[in-house]
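*Asks:* This is model_20.cif (mmCIF, C-alpha atoms, pLDDT in the B column; chains and numbers go by the auth columns).
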```cif
data_input
#
loop_
_atom_site.group_PDB
_atom_site.id
_atom_site.type_symbol
_atom_site.label_atom_id
_atom_site.label_comp_id
_atom_site.label_asym_id
_atom_site.label_seq_id
_atom_site.Cartn_x
_atom_site.Cartn_y
_atom_site.Cartn_z
_atom_site.B_iso_or_equiv
_atom_site.auth_seq_id
_atom_site.auth_asym_id
ATOM 1 C CA MET A 1 112.543 -25.335 25.752 51.00 1 A
ATOM 2 C CA SER A 2 113.259 -24.877 29.426 56.00 2 A
ATOM 3 C CA ARG A 3 111.288 -26.954 31.882 70.00 3 A
ATOM 4 C CA PHE A 4 110.939 -23.931 34.168 90.00 4 A
ATOM 5 C CA ASN A 5 111.456 -20.212 33.629 94.00 5 A
ATOM 6 C CA LEU A 6 112.254 -18.643 36.973 96.00 6 A
ATOM 7 C CA SER A 7 111.788 -15.178 38.395 95.00 7 A
ATOM 8 C CA LYS A 8 114.129 -13.498 40.856 94.00 8 A
ATOM 9 C CA GLY A 9 114.151 -15.312 44.210 95.00 9 A
ATOM 10 C CA GLU A 10 112.488 -18.481 42.910 96.00 10 A
ATOM 11 C CA ARG A 11 114.047 -21.903 43.410 95.00 11 A
ATOM 12 C CA PHE A 12 114.188 -25.070 41.333 94.00 12 A
ATOM 13 C CA SER A 13 114.790 -28.394 43.099 91.00 13 A
ATOM 14 C CA PHE A 14 116.489 -31.314 41.383 86.00 14 A
ATOM 15 C CA ALA A 15 114.628 -33.794 43.631 74.00 15 A
ATOM 16 C CA LYS A 16 112.744 -35.380 40.722 66.00 16 A
ATOM 17 C CA ASP A 17 115.939 -35.913 38.738 68.00 17 A
ATOM 18 C CA GLU A 18 117.242 -38.938 40.627 68.00 18 A
ATOM 19 C CA GLY A 19 120.921 -39.561 40.016 78.00 19 A
ATOM 20 C CA LEU A 20 121.433 -36.151 38.394 89.00 20 A
ATOM 21 C CA ASN A 21 125.029 -35.076 38.888 92.00 21 A
ATOM 22 C CA ASN A 22 126.438 -33.514 35.746 95.00 22 A
ATOM 23 C CA LEU A 23 125.243 -30.021 34.889 96.00 23 A
ATOM 24 C CA THR A 24 126.220 -27.262 32.501 97.00 24 A
ATOM 25 C CA VAL A 25 125.535 -23.802 33.868 97.00 25 A
ATOM 26 C CA THR A 26 125.440 -21.198 31.101 95.00 26 A
ATOM 27 C CA LEU A 27 125.666 -17.469 31.618 94.00 27 A
ATOM 28 C CA GLY A 28 124.538 -15.857 28.387 92.00 28 A
ATOM 29 C CA TRP A 29 123.610 -12.509 26.889 90.00 29 A
ATOM 30 C CA GLU A 30 122.988 -10.726 23.610 86.00 30 A
ATOM 31 C CA GLY A 31 125.274 -8.187 21.977 76.00 31 A
ATOM 32 C CA GLU A 32 129.005 -7.586 21.796 78.00 32 A
ATOM 33 C CA ASN A 33 129.876 -7.049 25.456 83.00 33 A
ATOM 34 C CA ASP A 34 132.748 -9.055 26.941 85.00 34 A
ATOM 35 C CA LEU A 35 131.630 -10.703 30.177 89.00 35 A
ATOM 36 C CA ASP A 36 133.588 -13.057 32.411 91.00 36 A
ATOM 37 C CA ALA A 37 132.017 -15.809 34.485 93.00 37 A
ATOM 38 C CA SER A 38 133.298 -16.601 37.950 96.00 38 A
ATOM 39 C CA THR A 39 132.186 -19.234 40.442 97.00 39 A
ATOM 40 C CA PHE A 40 132.629 -19.254 44.209 98.00 40 A
ATOM 41 C CA LEU A 41 132.331 -22.451 46.243 98.00 41 A
ATOM 42 C CA VAL A 42 131.611 -21.097 49.707 97.00 42 A
ATOM 43 C CA GLY A 43 131.503 -22.702 53.128 95.00 43 A
ATOM 44 C CA GLU A 44 129.206 -22.327 56.103 92.00 44 A
ATOM 45 C CA ASP A 45 130.367 -18.773 56.802 94.00 45 A
ATOM 46 C CA GLY A 46 129.644 -17.612 53.256 94.00 46 A
ATOM 47 C CA VAL A 47 133.236 -17.304 52.044 95.00 47 A
ATOM 48 C CA ILE A 48 135.623 -19.621 50.210 96.00 48 A
ATOM 49 C CA GLU A 49 137.849 -21.812 52.378 93.00 49 A
ATOM 50 C CA ASP A 50 140.449 -22.461 49.661 94.00 50 A
ATOM 51 C CA ASP A 51 141.790 -20.024 47.031 94.00 51 A
ATOM 52 C CA ALA A 52 141.064 -22.628 44.347 95.00 52 A
ATOM 53 C CA ASN A 53 137.364 -22.389 45.200 97.00 53 A
ATOM 54 C CA PHE A 54 137.315 -19.076 43.370 97.00 54 A
ATOM 55 C CA VAL A 55 137.064 -20.388 39.797 97.00 55 A
ATOM 56 C CA TYR A 56 137.696 -17.800 37.080 95.00 56 A
ATOM 57 C CA TYR A 57 139.683 -17.269 33.891 93.00 57 A
ATOM 58 C CA ASN A 58 142.972 -16.540 35.685 93.00 58 A
ATOM 59 C CA SER A 59 142.778 -19.337 38.287 95.00 59 A
ATOM 60 C CA SER A 60 146.052 -21.120 38.973 93.00 60 A
ATOM 61 C CA LYS A 61 144.353 -24.527 39.424 96.00 61 A
ATOM 62 C CA ARG A 62 143.556 -25.829 35.928 96.00 62 A
ATOM 63 C CA SER A 63 142.224 -28.884 34.120 95.00 63 A
ATOM 64 C CA GLU A 64 145.844 -29.761 33.223 95.00 64 A
ATOM 65 C CA ASP A 65 149.080 -29.195 35.096 95.00 65 A
ATOM 66 C CA PHE A 66 151.503 -26.712 33.570 95.00 66 A
ATOM 67 C CA ASP A 67 153.888 -28.349 31.106 96.00 67 A
ATOM 68 C CA ARG A 68 156.390 -25.943 29.577 96.00 68 A
ATOM 69 C CA ALA A 69 157.165 -28.312 26.720 96.00 69 A
ATOM 70 C CA LYS A 70 153.476 -28.450 25.770 96.00 70 A
ATOM 71 C CA PHE A 71 152.307 -24.900 26.484 95.00 71 A
ATOM 72 C CA GLY A 72 155.481 -22.807 26.272 96.00 72 A
ATOM 73 C CA ASN A 73 154.449 -20.297 28.928 96.00 73 A
ATOM 74 C CA LYS A 74 151.819 -19.840 31.585 95.00 74 A
ATOM 75 C CA ASN A 75 149.734 -17.381 29.567 93.00 75 A
ATOM 76 C CA ALA A 76 149.311 -20.003 26.829 94.00 76 A
ATOM 77 C CA TRP A 77 148.594 -22.643 29.478 95.00 77 A
ATOM 78 C CA LYS A 78 145.775 -20.562 30.960 93.00 78 A
ATOM 79 C CA ALA A 79 144.401 -19.773 27.504 91.00 79 A
ATOM 80 C CA GLN A 80 144.138 -23.474 26.619 93.00 80 A
ATOM 81 C CA THR A 81 142.984 -25.079 29.871 96.00 81 A
ATOM 82 C CA ARG A 82 139.912 -24.717 32.053 96.00 82 A
ATOM 83 C CA PRO A 83 140.016 -23.316 35.586 97.00 83 A
ATOM 84 C CA MET A 84 138.798 -25.775 38.201 97.00 84 A
ATOM 85 C CA SER A 85 137.809 -25.865 41.867 98.00 85 A
ATOM 86 C CA ALA A 86 139.838 -27.453 44.652 96.00 86 A
ATOM 87 C CA ASP A 87 137.598 -30.538 44.749 97.00 87 A
ATOM 88 C CA GLY A 88 137.344 -30.921 40.949 97.00 88 A
ATOM 89 C CA SER A 89 133.568 -30.448 40.986 98.00 89 A
ATOM 90 C CA VAL A 90 133.524 -27.183 39.002 98.00 90 A
ATOM 91 C CA PHE A 91 135.243 -26.360 35.718 98.00 91 A
ATOM 92 C CA GLY A 92 135.005 -22.801 34.405 96.00 92 A
ATOM 93 C CA SER A 93 135.113 -21.475 30.859 86.00 93 A
ATOM 94 C CA ILE A 94 138.197 -21.009 28.755 77.00 94 A
ATOM 95 C CA ASP A 95 138.388 -17.231 28.399 66.00 95 A
ATOM 96 C CA GLU A 96 137.175 -15.995 25.004 59.00 96 A
ATOM 97 C CA ARG A 97 139.068 -12.771 24.454 54.00 97 A
ATOM 98 C CA ASP A 98 137.526 -12.175 21.040 52.00 98 A
ATOM 99 C CA GLY A 99 134.005 -11.854 22.354 54.00 99 A
ATOM 100 C CA GLY A 100 131.189 -14.381 22.408 61.00 100 A
ATOM 101 C CA SER A 101 127.858 -14.362 24.150 84.00 101 A
ATOM 102 C CA THR A 102 128.062 -17.308 26.560 90.00 102 A
ATOM 103 C CA GLU A 103 130.269 -18.568 29.356 92.00 103 A
ATOM 104 C CA LYS A 104 129.777 -22.217 30.339 94.00 104 A
ATOM 105 C CA VAL A 105 130.568 -23.770 33.714 97.00 105 A
ATOM 106 C CA SER A 106 130.553 -27.554 34.260 97.00 106 A
ATOM 107 C CA VAL A 107 129.425 -28.904 37.643 97.00 107 A
ATOM 108 C CA ASP A 108 129.625 -32.465 38.957 97.00 108 A
ATOM 109 C CA LEU A 109 127.455 -32.520 42.070 95.00 109 A
ATOM 110 C CA SER A 110 128.855 -35.892 43.143 94.00 110 A
ATOM 111 C CA LYS A 111 132.315 -34.341 43.630 96.00 111 A
ATOM 112 C CA VAL A 112 131.335 -31.287 45.687 96.00 112 A
ATOM 113 C CA ALA A 113 133.286 -31.319 48.954 96.00 113 A
ATOM 114 C CA PRO A 114 131.173 -31.682 52.138 94.00 114 A
ATOM 115 C CA LYS A 115 132.468 -28.346 53.461 94.00 115 A
ATOM 116 C CA VAL A 116 130.983 -26.504 50.445 96.00 116 A
ATOM 117 C CA ASN A 117 127.538 -25.154 51.330 94.00 117 A
ATOM 118 C CA GLU A 118 126.823 -23.161 48.208 97.00 118 A
ATOM 119 C CA ILE A 119 128.090 -22.697 44.645 98.00 119 A
ATOM 120 C CA VAL A 120 127.566 -19.121 43.466 98.00 120 A
ATOM 121 C CA PHE A 121 127.603 -18.177 39.766 98.00 121 A
ATOM 122 C CA CYS A 122 128.598 -14.625 38.903 96.00 122 A
ATOM 123 C CA ALA A 123 129.476 -12.471 35.917 94.00 123 A
ATOM 124 C CA SER A 124 131.501 -9.294 35.584 93.00 124 A
ATOM 125 C CA ILE A 125 132.111 -6.760 32.824 90.00 125 A
ATOM 126 C CA PHE A 126 135.543 -6.911 31.209 83.00 126 A
ATOM 127 C CA ASP A 127 135.103 -3.790 29.032 82.00 127 A
ATOM 128 C CA GLU A 128 136.124 -0.596 30.803 83.00 128 A
ATOM 129 C CA GLY A 129 133.357 1.988 31.005 85.00 129 A
ATOM 130 C CA LYS A 130 130.569 -0.546 30.431 88.00 130 A
ATOM 131 C CA THR A 131 127.942 -1.623 32.969 89.00 131 A
ATOM 132 C CA PHE A 132 125.204 -4.230 33.011 90.00 132 A
ATOM 133 C CA GLY A 133 122.920 -1.476 31.802 86.00 133 A
ATOM 134 C CA ASP A 134 124.673 -2.013 28.447 87.00 134 A
ATOM 135 C CA VAL A 135 124.145 -5.780 28.455 89.00 135 A
ATOM 136 C CA GLU A 136 121.104 -7.121 26.610 87.00 136 A
ATOM 137 C CA THR A 137 119.042 -9.955 28.071 89.00 137 A
ATOM 138 C CA PRO A 138 121.500 -11.611 30.475 91.00 138 A
ATOM 139 C CA TYR A 139 120.395 -15.069 31.614 95.00 139 A
ATOM 140 C CA ILE A 140 121.560 -18.156 33.453 96.00 140 A
ATOM 141 C CA SER A 141 120.435 -21.665 32.554 96.00 141 A
ATOM 142 C CA ILE A 142 120.954 -25.152 33.988 96.00 142 A
ATOM 143 C CA VAL A 143 121.258 -28.122 31.615 95.00 143 A
ATOM 144 C CA ASN A 144 121.295 -31.820 32.485 94.00 144 A
ATOM 145 C CA ASP A 145 124.404 -33.086 30.682 94.00 145 A
ATOM 146 C CA ASP A 146 123.104 -36.675 30.605 91.00 146 A
ATOM 147 C CA ASN A 147 120.299 -35.867 28.163 91.00 147 A
ATOM 148 C CA GLY A 148 120.872 -32.240 27.101 93.00 148 A
ATOM 149 C CA GLU A 149 117.614 -31.051 28.674 92.00 149 A
ATOM 150 C CA GLU A 150 117.492 -27.483 29.939 94.00 150 A
ATOM 151 C CA LEU A 151 116.010 -27.829 33.421 93.00 151 A
ATOM 152 C CA CYS A 152 115.522 -24.171 34.245 95.00 152 A
ATOM 153 C CA ARG A 153 116.393 -20.682 33.062 96.00 153 A
ATOM 154 C CA TYR A 154 116.402 -17.300 34.723 96.00 154 A
ATOM 155 C CA THR A 155 116.415 -14.197 32.534 94.00 155 A
ATOM 156 C CA LEU A 156 117.571 -11.177 34.521 91.00 156 A
ATOM 157 C CA ASN A 157 114.965 -8.560 33.637 85.00 157 A
ATOM 158 C CA GLU A 158 116.000 -6.230 36.452 83.00 158 A
ATOM 159 C CA GLN A 159 117.158 -2.733 35.524 80.00 159 A
ATOM 160 C CA PHE A 160 120.900 -2.617 36.133 85.00 160 A
ATOM 161 C CA SER A 161 122.523 0.773 35.595 82.00 161 A
ATOM 162 C CA GLY A 162 125.880 1.323 37.285 88.00 162 A
ATOM 163 C CA GLU A 163 126.528 -2.310 38.273 92.00 163 A
ATOM 164 C CA THR A 164 129.611 -3.942 36.770 93.00 164 A
ATOM 165 C CA ALA A 165 129.124 -7.383 38.324 95.00 165 A
ATOM 166 C CA LEU A 166 126.165 -9.553 39.202 95.00 166 A
ATOM 167 C CA ILE A 167 125.330 -12.631 41.178 96.00 167 A
ATOM 168 C CA ALA A 168 123.167 -14.563 38.742 97.00 168 A
ATOM 169 C CA GLY A 169 122.263 -17.693 40.671 97.00 169 A
ATOM 170 C CA SER A 170 123.414 -20.332 43.118 98.00 170 A
ATOM 171 C CA LEU A 171 123.271 -24.049 43.869 97.00 171 A
ATOM 172 C CA SER A 172 122.859 -25.317 47.409 96.00 172 A
ATOM 173 C CA VAL A 173 121.492 -28.264 49.369 90.00 173 A
ATOM 174 C CA ASN A 174 118.097 -27.585 50.940 88.00 174 A
ATOM 175 C CA GLU A 175 116.662 -28.833 54.233 88.00 175 A
ATOM 176 C CA ASP A 176 115.572 -32.075 52.572 85.00 176 A
ATOM 177 C CA GLY A 177 119.130 -32.782 51.473 85.00 177 A
ATOM 178 C CA GLU A 178 118.372 -32.081 47.827 88.00 178 A
ATOM 179 C CA TRP A 179 120.265 -29.798 45.471 92.00 179 A
ATOM 180 C CA GLU A 180 118.372 -26.753 44.276 95.00 180 A
ATOM 181 C CA PHE A 181 119.060 -23.721 42.125 96.00 181 A
ATOM 182 C CA LYS A 182 118.094 -20.217 43.248 97.00 182 A
ATOM 183 C CA ALA A 183 117.627 -17.278 40.873 97.00 183 A
ATOM 184 C CA GLU A 184 119.581 -14.483 42.578 96.00 184 A
ATOM 185 C CA GLY A 185 119.689 -11.452 40.229 94.00 185 A
ATOM 186 C CA ARG A 186 121.798 -9.237 42.479 94.00 186 A
ATOM 187 C CA GLY A 187 123.803 -6.407 40.916 93.00 187 A
ATOM 188 C CA ILE A 188 127.159 -5.415 42.426 94.00 188 A
ATOM 189 C CA LEU A 189 129.220 -2.242 42.068 94.00 189 A
ATOM 190 C CA GLY A 190 132.971 -2.665 41.664 94.00 190 A
ATOM 191 C CA GLY A 191 133.274 -5.496 39.159 94.00 191 A
ATOM 192 C CA LEU A 192 135.161 -8.723 39.790 94.00 192 A
ATOM 193 C CA GLN A 193 137.144 -7.211 42.658 95.00 193 A
ATOM 194 C CA ALA A 194 133.930 -6.516 44.571 95.00 194 A
ATOM 195 C CA LEU A 195 132.884 -10.155 44.163 96.00 195 A
ATOM 196 C CA VAL A 196 136.258 -11.296 45.486 96.00 196 A
ATOM 197 C CA GLU A 197 135.903 -9.035 48.506 95.00 197 A
ATOM 198 C CA LEU A 198 132.412 -10.408 49.134 95.00 198 A
ATOM 199 C CA TYR A 199 133.237 -14.109 48.966 96.00 199 A
ATOM 200 C CA ALA A 200 136.974 -14.294 49.707 89.00 200 A
ATOM 201 C CA GLU A 201 137.217 -11.771 52.567 71.00 201 A
#
```
Take the structure in this file and express it as structure tokens.
*Replies:*
Amino acid sequence: MSRFNLSKGERFSFAKDEGLNNLTVTLGWEGENDLDASTFLVGEDGVIEDDANFVYYNSSKRSEDFDRAKFGNKNAWKAQTRPMSADGSVFGSIDERDGGSTEKVSVDLSKVAPKVNEIVFCASIFDEGKTFGDVETPYISIVNDDNGEELCRYTLNEQFSGETALIAGSLSVNEDGEWEFKAEGRGILGGLQALVELYAE
């Protein structure tokens, strides 16, 4: 049971969770659609300052360095390792090509680089011809890894029709210096490429 169910635009502060650093951010949905999670660690100007701060299934910075003897080729390496951010604070999902209804992102708030102002969690449609109008009950949830408690959840009840990507939520530090999650719920036309153009110039 989630501690808080959020609506679009609402925020949840982690101020009461002293020492909270390790989170699992889940983007989930119902049905057979193939969605891909992506995370952008953006700076003061709203864009990423390092290519590795765009964390997605095809990222070249991974949880393990490439070892030809172990993985054979780079496709196998990417299929078996997690994408990660430049500062090591964010680890994305291993891509599930055979479907599935969740994508999980790990965040260690203690490792977030000072130049990162916001961590933005997005999803895009992999299946050609599909839109978020075809996706049932998309949601994003934040879980405290230390005790498994779901702190908050945002179910995106907005009516998406032609959108093929969405900005589900974000983490940032508020004026009191505390981390907080914001329920975004913003649909984007143009899929993953449109997200890249938005956050990577």
*Asks:* Pick from A:Val120, A:Val135, A:Leu166, A:Leu198: nearest to Val105 of chain A, with all atoms listed in the file counted?
*Replies:*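 So, comparing all the options, the nearest one is A:Val120.
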*Asks:* Convert the output of the PyMOL selection byres ((chain A and resi 126) around 9) on the shown file into explicit residues, formatted as JSON, numbers by chain.
*Replies:* {"A": [33, 34, 35, 36, 124, 125, 127, 128, 130, 164, 191, 192]}
*Asks:* Mind listing as a PDB file with C-alpha atoms, in the coordinates of the input all residues within 10 Å of (125.9, -11.3, 41.3), counting all atoms listed in the file?
*Replies:*
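out_2.pdb, written as the output of this step:
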```pdb
ATOM      1  CA  SER A  38     133.298 -16.601  37.950  1.00 96.00           C
ATOM      2  CA  VAL A 120     127.566 -19.121  43.466  1.00 98.00           C
ATOM      3  CA  PHE A 121     127.603 -18.177  39.766  1.00 98.00           C
ATOM      4  CA  CYS A 122     128.598 -14.625  38.903  1.00 96.00           C
ATOM      5  CA  ALA A 123     129.476 -12.471  35.917  1.00 94.00           C
ATOM      6  CA  SER A 124     131.501  -9.294  35.584  1.00 93.00           C
ATOM      7  CA  GLU A 163     126.528  -2.310  38.273  1.00 92.00           C
ATOM      8  CA  THR A 164     129.611  -3.942  36.770  1.00 93.00           C
ATOM      9  CA  ALA A 165     129.124  -7.383  38.324  1.00 95.00           C
ATOM     10  CA  LEU A 166     126.165  -9.553  39.202  1.00 95.00           C
ATOM     11  CA  ILE A 167     125.330 -12.631  41.178  1.00 96.00           C
ATOM     12  CA  ALA A 168     123.167 -14.563  38.742  1.00 97.00           C
ATOM     13  CA  GLY A 169     122.263 -17.693  40.671  1.00 97.00           C
ATOM     14  CA  SER A 170     123.414 -20.332  43.118  1.00 98.00           C
ATOM     15  CA  GLU A 184     119.581 -14.483  42.578  1.00 96.00           C
ATOM     16  CA  GLY A 185     119.689 -11.452  40.229  1.00 94.00           C
ATOM     17  CA  ARG A 186     121.798  -9.237  42.479  1.00 94.00           C
ATOM     18  CA  GLY A 187     123.803  -6.407  40.916  1.00 93.00           C
ATOM     19  CA  ILE A 188     127.159  -5.415  42.426  1.00 94.00           C
ATOM     20  CA  LEU A 189     129.220  -2.242  42.068  1.00 94.00           C
ATOM     21  CA  GLY A 191     133.274  -5.496  39.159  1.00 94.00           C
ATOM     22  CA  LEU A 192     135.161  -8.723  39.790  1.00 94.00           C
ATOM     23  CA  ALA A 194     133.930  -6.516  44.571  1.00 95.00           C
ATOM     24  CA  LEU A 195     132.884 -10.155  44.163  1.00 96.00           C
TER      25      LEU A 195
END
```
*Asks:* For the PyMOL selection byres ((chain A and resi 152-158) around 10), applied here, can you spell out every residue it catches as a CSV table (one decimal) with C-alpha atoms, keeping the file's coordinate frame?
*Replies:*
```csv
chain,number,residue,atom,x,y,z
A,1,MET,CA,112.5,-25.3,25.8
A,2,SER,CA,113.3,-24.9,29.4
A,3,ARG,CA,111.3,-27.0,31.9
A,4,PHE,CA,110.9,-23.9,34.2
A,5,ASN,CA,111.5,-20.2,33.6
A,6,LEU,CA,112.3,-18.6,37.0
A,7,SER,CA,111.8,-15.2,38.4
A,8,LYS,CA,114.1,-13.5,40.9
A,9,GLY,CA,114.2,-15.3,44.2
A,10,GLU,CA,112.5,-18.5,42.9
A,11,ARG,CA,114.0,-21.9,43.4
A,12,PHE,CA,114.2,-25.1,41.3
A,13,SER,CA,114.8,-28.4,43.1
A,25,VAL,CA,125.5,-23.8,33.9
A,26,THR,CA,125.4,-21.2,31.1
A,27,LEU,CA,125.7,-17.5,31.6
A,28,GLY,CA,124.5,-15.9,28.4
A,29,TRP,CA,123.6,-12.5,26.9
A,133,GLY,CA,122.9,-1.5,31.8
A,136,GLU,CA,121.1,-7.1,26.6
A,137,THR,CA,119.0,-10.0,28.1
A,138,PRO,CA,121.5,-11.6,30.5
A,139,TYR,CA,120.4,-15.1,31.6
A,140,ILE,CA,121.6,-18.2,33.5
A,141,SER,CA,120.4,-21.7,32.6
A,142,ILE,CA,121.0,-25.2,34.0
A,143,VAL,CA,121.3,-28.1,31.6
A,144,ASN,CA,121.3,-31.8,32.5
A,149,GLU,CA,117.6,-31.1,28.7
A,150,GLU,CA,117.5,-27.5,29.9
A,151,LEU,CA,116.0,-27.8,33.4
A,159,GLN,CA,117.2,-2.7,35.5
A,160,PHE,CA,120.9,-2.6,36.1
A,161,SER,CA,122.5,0.8,35.6
A,166,LEU,CA,126.2,-9.6,39.2
A,168,ALA,CA,123.2,-14.6,38.7
A,169,GLY,CA,122.3,-17.7,40.7
A,181,PHE,CA,119.1,-23.7,42.1
A,182,LYS,CA,118.1,-20.2,43.2
A,183,ALA,CA,117.6,-17.3,40.9
A,184,GLU,CA,119.6,-14.5,42.6
A,185,GLY,CA,119.7,-11.5,40.2
A,186,ARG,CA,121.8,-9.2,42.5
A,187,GLY,CA,123.8,-6.4,40.9
```
*Asks:* Between A:Asp87, A:Glu32, A:Asp176, A:Asp145, which has the minimum distance to Phe54 of chain A (counting all atoms listed in the file)?
*Replies:*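 Distance minimum relative to Phe54 of chain A lands on A:Asp87.
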*Asks:* Write out as number ranges by chain the residues lying within 8 Å of segment 172-174 of chain A, counting all atoms listed in the file and excluding same-chain residues fewer than 6 positions away.
*Replies:* A: 117-119, 180-181
*Asks:* Hey, can you spit out that residue selection with C-alpha atoms as a short mmCIF file (atom, residue, chain, number, x, y, z; two decimals), keeping the file's coordinate frame?
*Replies:*
```
data_model
loop_
_atom_site.label_atom_id
_atom_site.label_comp_id
_atom_site.auth_asym_id
_atom_site.auth_seq_id
_atom_site.Cartn_x
_atom_site.Cartn_y
_atom_site.Cartn_z
CA ASN A 117 127.54 -25.15 51.33
CA GLU A 118 126.82 -23.16 48.21
CA ILE A 119 128.09 -22.70 44.64
CA GLU A 180 118.37 -26.75 44.28
CA PHE A 181 119.06 -23.72 42.12
#
```
*Asks:* Given the choices A:Ser106, A:Asn21, A:Ser85, A:Ser63, which gets closest to Val42 of chain A if the distance is worked out from all atoms listed in the file?
*Replies:*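 Of the candidates, the smallest distance to Val42 of chain A is held by A:Ser85.
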*Asks:* One number please: atom CA of Glu103 of chain A to atom CA of Asp50 of chain A, in Å, one decimal.
*Replies:*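 Straight-line distance from atom CA of Glu103 of chain A to atom CA of Asp50 of chain A works out to 23.0 Å.
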*Asks:* Kindly indicate which residue among A:Gly148, A:Gly19, A:Gly43, A:Gly162 lies nearest to Asp134 of chain A, using all atoms listed in the file for the distances.
*Replies:*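 The shortest atom-to-atom distance to Asp134 of chain A comes from A:Gly162.
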